[in-house]
Structure formats: C-alpha cells, structure tokens
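Here is the file work39.txt (compact mmCIF, C-alpha atoms and all ligand atoms).
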```
# COMPACT_ATOMS: atom_id res chain seq x y z
CA MET A 1 27.81 23.78 17.36
CA THR A 2 26.96 20.24 16.31
CA GLU A 3 23.75 18.88 17.82
CA GLN A 4 24.11 15.81 20.06
CA PHE A 5 21.84 12.90 19.27
CA SER A 6 20.95 9.89 21.42
CA SER A 7 22.65 6.68 20.28
CA SER A 8 19.37 5.29 18.88
CA GLU A 9 18.80 8.51 16.93
CA GLN A 10 22.38 8.45 15.68
CA GLN A 11 21.81 4.86 14.54
CA ALA A 12 18.57 5.84 12.77
CA ARG A 13 20.32 8.71 10.98
CA LEU A 14 23.09 6.42 9.79
CA GLU A 15 20.54 3.87 8.56
CA MET A 16 18.69 6.52 6.54
CA VAL A 17 21.91 7.79 4.97
CA LYS A 18 23.01 4.22 4.17
CA LEU A 19 19.71 3.14 2.60
CA GLY A 20 19.38 6.39 0.63
CA ALA A 21 22.86 5.85 -0.80
CA SER A 22 22.08 2.22 -1.57
CA PHE A 23 18.88 3.16 -3.46
CA PHE A 24 20.76 5.82 -5.40
CA GLN A 25 23.81 3.71 -6.25
CA ARG A 26 21.63 0.90 -7.58
CA GLY A 27 19.42 3.19 -9.69
CA TYR A 28 16.22 2.99 -7.61
CA ALA A 29 16.49 6.75 -6.95
CA THR A 30 17.75 9.45 -9.30
CA GLY A 31 18.38 13.19 -8.98
CA SER A 32 16.53 14.61 -6.00
CA ALA A 33 13.41 12.45 -6.39
CA GLY A 34 11.92 10.49 -3.52
CA ASN A 35 11.83 10.84 0.25
CA LEU A 36 12.28 8.66 3.33
CA SER A 37 11.11 8.91 6.92
CA LEU A 38 11.15 6.88 10.11
CA LEU A 39 9.66 7.10 13.59
CA LEU A 40 12.28 7.89 16.24
CA GLU A 41 12.19 6.47 19.76
CA ASP A 42 11.30 9.95 21.07
CA GLY A 43 8.06 9.87 19.01
CA ASN A 44 9.21 12.39 16.41
CA LEU A 45 9.86 11.75 12.73
CA LEU A 46 13.21 11.81 10.98
CA ALA A 47 12.76 12.68 7.29
CA THR A 48 14.79 13.56 4.24
CA PRO A 49 14.97 17.30 3.54
CA THR A 50 13.13 18.70 0.52
CA GLY A 51 15.23 18.73 -2.63
CA SER A 52 17.82 16.35 -1.22
CA CYS A 53 19.52 13.66 -3.27
CA LEU A 54 19.02 10.29 -1.58
CA GLY A 55 22.56 9.40 -2.63
CA GLU A 56 24.12 12.29 -0.73
CA LEU A 57 22.19 12.64 2.53
CA ASP A 58 23.98 14.31 5.45
CA GLY A 59 23.00 12.59 8.69
CA ASN A 60 23.37 15.80 10.70
CA ARG A 61 21.04 17.77 8.41
CA LEU A 62 18.11 15.35 8.20
CA SER A 63 14.78 16.98 9.13
CA LYS A 64 13.19 16.29 12.50
CA VAL A 65 9.44 16.89 12.66
CA THR A 66 6.75 16.18 15.24
CA LEU A 67 3.88 13.87 14.32
CA GLU A 68 1.71 16.99 14.32
CA GLY A 69 3.95 18.46 11.61
CA GLU A 70 6.05 20.98 13.53
CA TRP A 71 9.57 21.31 12.06
CA ILE A 72 11.97 20.90 15.01
CA SER A 73 15.45 20.78 13.50
CA GLY A 74 17.59 20.04 10.47
CA ASP A 75 16.92 21.23 6.93
CA LYS A 76 13.39 21.97 5.67
CA PRO A 77 11.47 18.67 5.47
CA SER A 78 10.22 16.98 2.30
CA LYS A 79 7.19 18.58 0.68
CA GLU A 80 5.52 15.18 1.19
CA ILE A 81 5.86 15.22 4.97
CA ALA A 82 2.06 15.53 5.27
CA PHE A 83 1.47 12.18 3.59
CA HIS A 84 4.25 10.55 5.61
CA ARG A 85 2.58 11.84 8.80
CA ALA A 86 -0.83 10.59 7.62
CA LEU A 87 0.57 7.06 7.33
CA TYR A 88 2.06 7.03 10.87
CA LEU A 89 -1.04 8.60 12.37
CA ASN A 90 -3.39 6.06 10.81
CA ASN A 91 -1.35 2.85 11.05
CA PRO A 92 0.18 1.95 14.44
CA ASP A 93 2.46 -0.60 12.71
CA CYS A 94 3.99 2.03 10.45
CA LYS A 95 7.49 2.87 11.66
CA ALA A 96 9.03 3.96 8.35
CA VAL A 97 7.98 5.22 4.91
CA VAL A 98 9.73 5.04 1.54
CA HIS A 99 8.65 7.06 -1.50
CA LEU A 100 10.57 6.66 -4.77
CA HIS A 101 10.17 7.45 -8.45
CA SER A 102 11.66 4.05 -9.32
CA HIS A 103 11.50 3.35 -13.03
CA TYR A 104 9.08 0.43 -13.44
CA LEU A 105 6.63 1.33 -10.67
CA THR A 106 6.46 4.87 -11.99
CA ALA A 107 5.86 3.51 -15.51
CA LEU A 108 3.09 1.32 -14.07
CA SER A 109 1.62 4.36 -12.29
CA CYS A 110 1.17 6.06 -15.69
CA LEU A 111 -0.96 3.30 -17.24
CA GLN A 112 -4.67 3.77 -17.77
CA GLY A 113 -7.12 1.17 -16.54
CA LEU A 114 -5.26 0.01 -13.42
CA ASP A 115 -7.34 -1.78 -10.79
CA SER A 116 -7.53 0.99 -8.18
CA GLU A 117 -7.89 -1.55 -5.36
CA ASN A 118 -4.88 -3.61 -6.40
CA CYS A 119 -2.71 -2.60 -9.35
CA ILE A 120 -0.50 -5.71 -9.12
CA ARG A 121 -2.49 -8.88 -9.78
CA PRO A 122 -0.46 -11.60 -8.07
CA PHE A 123 1.68 -13.87 -10.25
CA THR A 124 4.58 -14.52 -7.83
CA PRO A 125 4.28 -15.39 -4.13
CA TYR A 126 6.78 -13.07 -2.46
CA VAL A 127 4.92 -9.85 -3.22
CA VAL A 128 1.73 -11.36 -1.74
CA MET A 129 3.58 -12.55 1.35
CA ARG A 130 5.44 -9.32 1.98
CA VAL A 131 3.14 -6.57 0.70
CA GLY A 132 -0.36 -7.70 -0.31
CA ASP A 133 -2.68 -5.50 -2.35
CA VAL A 134 -1.46 -2.18 -3.70
CA PRO A 135 -4.19 0.45 -4.19
CA VAL A 136 -3.82 3.38 -6.58
CA VAL A 137 -4.15 6.94 -5.25
CA PRO A 138 -5.54 9.33 -7.90
CA TYR A 139 -3.15 11.88 -9.38
CA TYR A 140 -2.57 15.08 -7.39
CA LYS A 141 0.43 17.33 -7.80
CA PRO A 142 3.39 16.52 -5.50
CA GLY A 143 2.93 18.03 -2.05
CA ASP A 144 -0.87 18.31 -2.44
CA GLN A 145 -2.74 17.84 0.84
CA ARG A 146 -5.13 15.45 -0.94
CA LEU A 147 -2.33 12.87 -1.17
CA ALA A 148 -2.22 12.90 2.63
CA ASP A 149 -6.01 12.80 2.91
CA ASP A 150 -6.32 9.79 0.60
CA LEU A 151 -3.42 7.93 2.20
CA ALA A 152 -4.93 8.58 5.64
CA GLN A 153 -8.06 6.72 4.47
CA LEU A 154 -6.09 3.77 3.09
CA ALA A 155 -3.34 3.57 5.73
CA GLY A 156 -5.08 1.13 8.08
CA LYS A 157 -5.57 -1.49 5.37
CA TYR A 158 -2.51 -1.52 3.10
CA ARG A 159 1.30 -1.60 3.27
CA ALA A 160 1.99 -0.08 -0.14
CA PHE A 161 0.33 2.42 -2.46
CA LEU A 162 0.89 3.61 -6.01
CA LEU A 163 0.47 7.35 -6.57
CA ALA A 164 -0.95 7.72 -10.09
CA ASN A 165 1.48 9.30 -12.57
CA HIS A 166 4.03 9.59 -9.77
CA GLY A 167 5.41 6.50 -7.98
CA PRO A 168 5.25 4.11 -5.02
CA VAL A 169 4.82 4.75 -1.29
CA VAL A 170 5.66 1.82 1.00
CA VAL A 171 5.46 1.53 4.79
CA GLY A 172 7.32 -0.86 7.07
CA LYS A 173 8.00 -1.82 10.67
CA SER A 174 11.51 -0.53 9.99
CA LEU A 175 13.18 1.49 7.27
CA ARG A 176 14.90 -1.70 6.14
CA GLU A 177 11.56 -3.51 5.75
CA ALA A 178 10.00 -0.60 3.86
CA ALA A 179 13.07 -0.45 1.60
CA ASP A 180 13.08 -4.20 0.93
CA ASN A 181 9.37 -4.20 0.13
CA THR A 182 9.78 -1.23 -2.22
CA GLU A 183 12.46 -3.18 -4.08
CA GLU A 184 10.25 -6.26 -4.22
CA LEU A 185 7.46 -4.18 -5.76
CA GLU A 186 9.83 -2.51 -8.21
CA GLU A 187 11.12 -5.89 -9.39
CA THR A 188 7.54 -7.16 -9.71
CA ALA A 189 6.63 -4.15 -11.87
CA ARG A 190 9.73 -4.86 -13.95
CA LEU A 191 8.51 -8.43 -14.46
CA MET A 192 5.11 -7.08 -15.56
CA PHE A 193 6.78 -5.04 -18.30
CA THR A 194 9.09 -7.93 -19.25
CA LEU A 195 6.11 -10.26 -19.60
CA GLY A 196 4.22 -7.61 -21.57
CA ASP A 197 1.30 -9.07 -23.52
CA ARG A 198 2.27 -12.71 -22.98
CA ALA A 199 -0.36 -14.89 -21.33
CA ILE A 200 0.50 -14.94 -17.62
CA ARG A 201 -0.52 -17.75 -15.31
CA TYR A 202 -1.75 -15.63 -12.41
CA LEU A 203 -1.89 -17.20 -8.95
CA THR A 204 -5.33 -18.61 -8.26
CA ASP A 205 -7.54 -17.23 -5.47
CA SER A 206 -6.76 -20.27 -3.31
CA GLU A 207 -3.01 -19.93 -3.93
CA VAL A 208 -3.21 -16.26 -2.88
CA ALA A 209 -5.33 -17.15 0.17
CA GLU A 210 -2.77 -19.77 1.22
CA LEU A 211 0.02 -17.17 1.06
CA ARG A 212 -1.99 -14.64 3.08
CA SER A 213 -2.88 -17.09 5.84
CA ARG A 214 0.69 -18.07 6.46
O1 LIG B 301 7.61 14.13 -6.70
C1 LIG B 301 7.90 15.02 -5.87
O2 LIG B 301 8.10 16.20 -6.15
C2 LIG B 301 8.07 14.56 -4.42
O3 LIG B 301 7.13 13.57 -4.15
C3 LIG B 301 9.44 13.97 -4.31
O4 LIG B 301 9.62 12.81 -4.63
C4 LIG B 301 10.56 14.80 -3.86
O5 LIG B 301 10.13 15.88 -3.04
P1 LIG B 301 11.01 16.36 -1.80
O6 LIG B 301 11.03 15.23 -0.81
O7 LIG B 301 10.31 17.58 -1.28
O8 LIG B 301 12.39 16.63 -2.32
ZN ZN B 302 7.62 12.05 -5.57
```
Give the structure from this file in structure tokens form.
Amino acid sequence: MTEQFSSSEQQARLEMVKLGASFFQRGYATGSAGNLSLLLEDGNLLATPTGSCLGELDGNRLSKVTLEGEWISGDKPSKEIAFHRALYLNNPDCKAVVHLHSHYLTALSCLQGLDSENCIRPFTPYVVMRVGDVPVVPYYKPGDQRLADDLAQLAGKYRAFLLANHGPVVVGKSLREAADNTEELEETARLMFTLGDRAIRYLTDSEVAELRSR
C-alpha cells in the first residue's frame, strides 16, 4: 500500500527529487555521493537514503527520521544523518542541509594549509552576502560521529562548512536556499582554481564589513 503524505510533505518530497536531479544533471553530484535533508512541517526530517543517486531519487522512498534520530519510514537514511541532525538541533534557522562531493570544493578540501576558520578568503561579494565564512572540519571517515560533534559546535555560527578531504556541507532556510548557496560556493572554489597563483585583489576588511552589514 502506498503511504499517504500531507500536501506539504508531498511538496517537500517533490522538491528534494527535483533538486537532486538538477544537481546530478549539471554535474554537481556524481554516482551515489552526497545527501540532502529538510525539516518537515511535522518536525521530522526528510533525508536521502544511504547509497542513493541524487539523480534518481524516488519521492516515495525518501527516509523519514525524527530529530532524535529514529528511522520512521522510507529506505535506510544516509550514513551522515547524525551530522544533518546536529545542524538542525544547534541552529534554529536551519531548515535544510546539502552535502555534495562537488568537484572544486572537494579539490579545495584536499589542500594543506587552509585557514580552518574561513577557507574562502573573500574576493567576490556574493559569497560574503549569501554565505559568509566557511570553517574547515578536520578529516574523519564518512559517517563518523565526530563529524556530527564538530558540526554541532560550529552550527550556531556558520552557514557552510568544508569537510577536509571530503566536501561541502551547506545549510539553508529552505532546500532551495541551501542548494543555491552550495552552487555559489562551488563556483567560487572554481574561480580560486582558475585564478591559481595569479595575484588576486581580495576584498578589503571594510568592503567585507559593508557586505555583512547589509
Ligand atoms: O562520503 C560519504 O560516504 C557520504 O558523506 C556521502 O556523501 C554519501 O553517503 P550516503 O548518504 O550514506 O549515501
Ligand atoms: Zn560525503
């Protein structure tokens, strides 16, 4: 028997399927890498199942999990559900989470010597306006509880994070916002590699402050 969903939940499921497919079709997600989640109106989380391809999500099989981590329905949730939960539990503005292995941010995450408090020194305004600083979480193997512990500590202060040797995690007030901000960060990382060793005119402290106080 097919489960009946409220219209808002049905809408949320469709949105997740649509954004997953969009990420996949445009090369931001490959294979079965990455995971998405959002906070439903009933207070539970809707998340992508472990091992699923973001390009081929089935809205009826998405995982439903309580904020305490109990698996309610759908396929088995992502192995990263603990870090998704940590972000919702420690940031009241977090309504959705995107984690990808997008090419340029993952390349950035593999560099030595990143500033752990902000791995993207501002050189264009939009990333400052939309995301702000991006701290680096030390490397732990995927699914490790320490990813959740570290993100829980950082959640109240930041909207995006770079998991070392792994990839980005971005929160938003909606799945759309989290997705857009992930793309903005990915394009910024791409610019960093395009610019390479050339001398960049970084935004000055006062230019950054002006963008933040908007
Ligand atoms: O890198 C990993 O293994 C996970 O972080 C990931 O991206 C996919 O894991 P699942 O969501 O469990 O498929
Ligand atoms: Zn991952």
*Just give me the gap between CA of Glu9 in chain A and CA of Leu46 in chain A in Å, one decimal is fine.*
8.8 Å
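Distances from A:Leu191, A:Ala47, A:Ala96, A:Cys119 to Lys76 in chain A were compared using only C-alpha atoms, and the smallest one belongs to A:Ala47.
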Using all atoms listed in the file, determine which residues lie at most 10 Å from Thr124 in chain A, disregarding the query and same-chain residues fewer than 6 positions distant; provide the list as a PDB file with C-alpha atoms, in the frame of the given file.
```pdb
ATOM      1  CA  THR A 188       7.540  -7.160  -9.710  1.00  0.00           C
ATOM      2  CA  LEU A 191       8.510  -8.430 -14.460  1.00  0.00           C
ATOM      3  CA  ARG A 201      -0.520 -17.750 -15.310  1.00  0.00           C
ATOM      4  CA  TYR A 202      -1.750 -15.630 -12.410  1.00  0.00           C
ATOM      5  CA  LEU A 203      -1.890 -17.200  -8.950  1.00  0.00           C
ATOM      6  CA  VAL A 208      -3.210 -16.260  -2.880  1.00  0.00           C
TER       7      VAL A 208
END
```
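Here CA of Leu154 in chain A is placed at a distance of 21.9 Å from CA of Arg176 in chain A.
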*Name the residues in contact with Gly167 in chain A at a cut-off of 8 Å, using all atoms listed in the file, excluding same-chain residues fewer than 3 positions from it; report them as a VMD selection string.*
chain A and resid 99 to 102 105 to 106 109 162 to 164
_Between CA of Lys79 in chain A and CA of Thr48 in chain A, what distance in Å does the model show, to one decimal?_
9.8 Å
*Counting only C-alpha atoms, note down every residue that has an atom within 12 Å of the point (13.2, 16.1, 13.6) (file coordinates), as a PyMOL selection string.*
chain A and resi 3+5+9+12-13+37-49+59-78+81
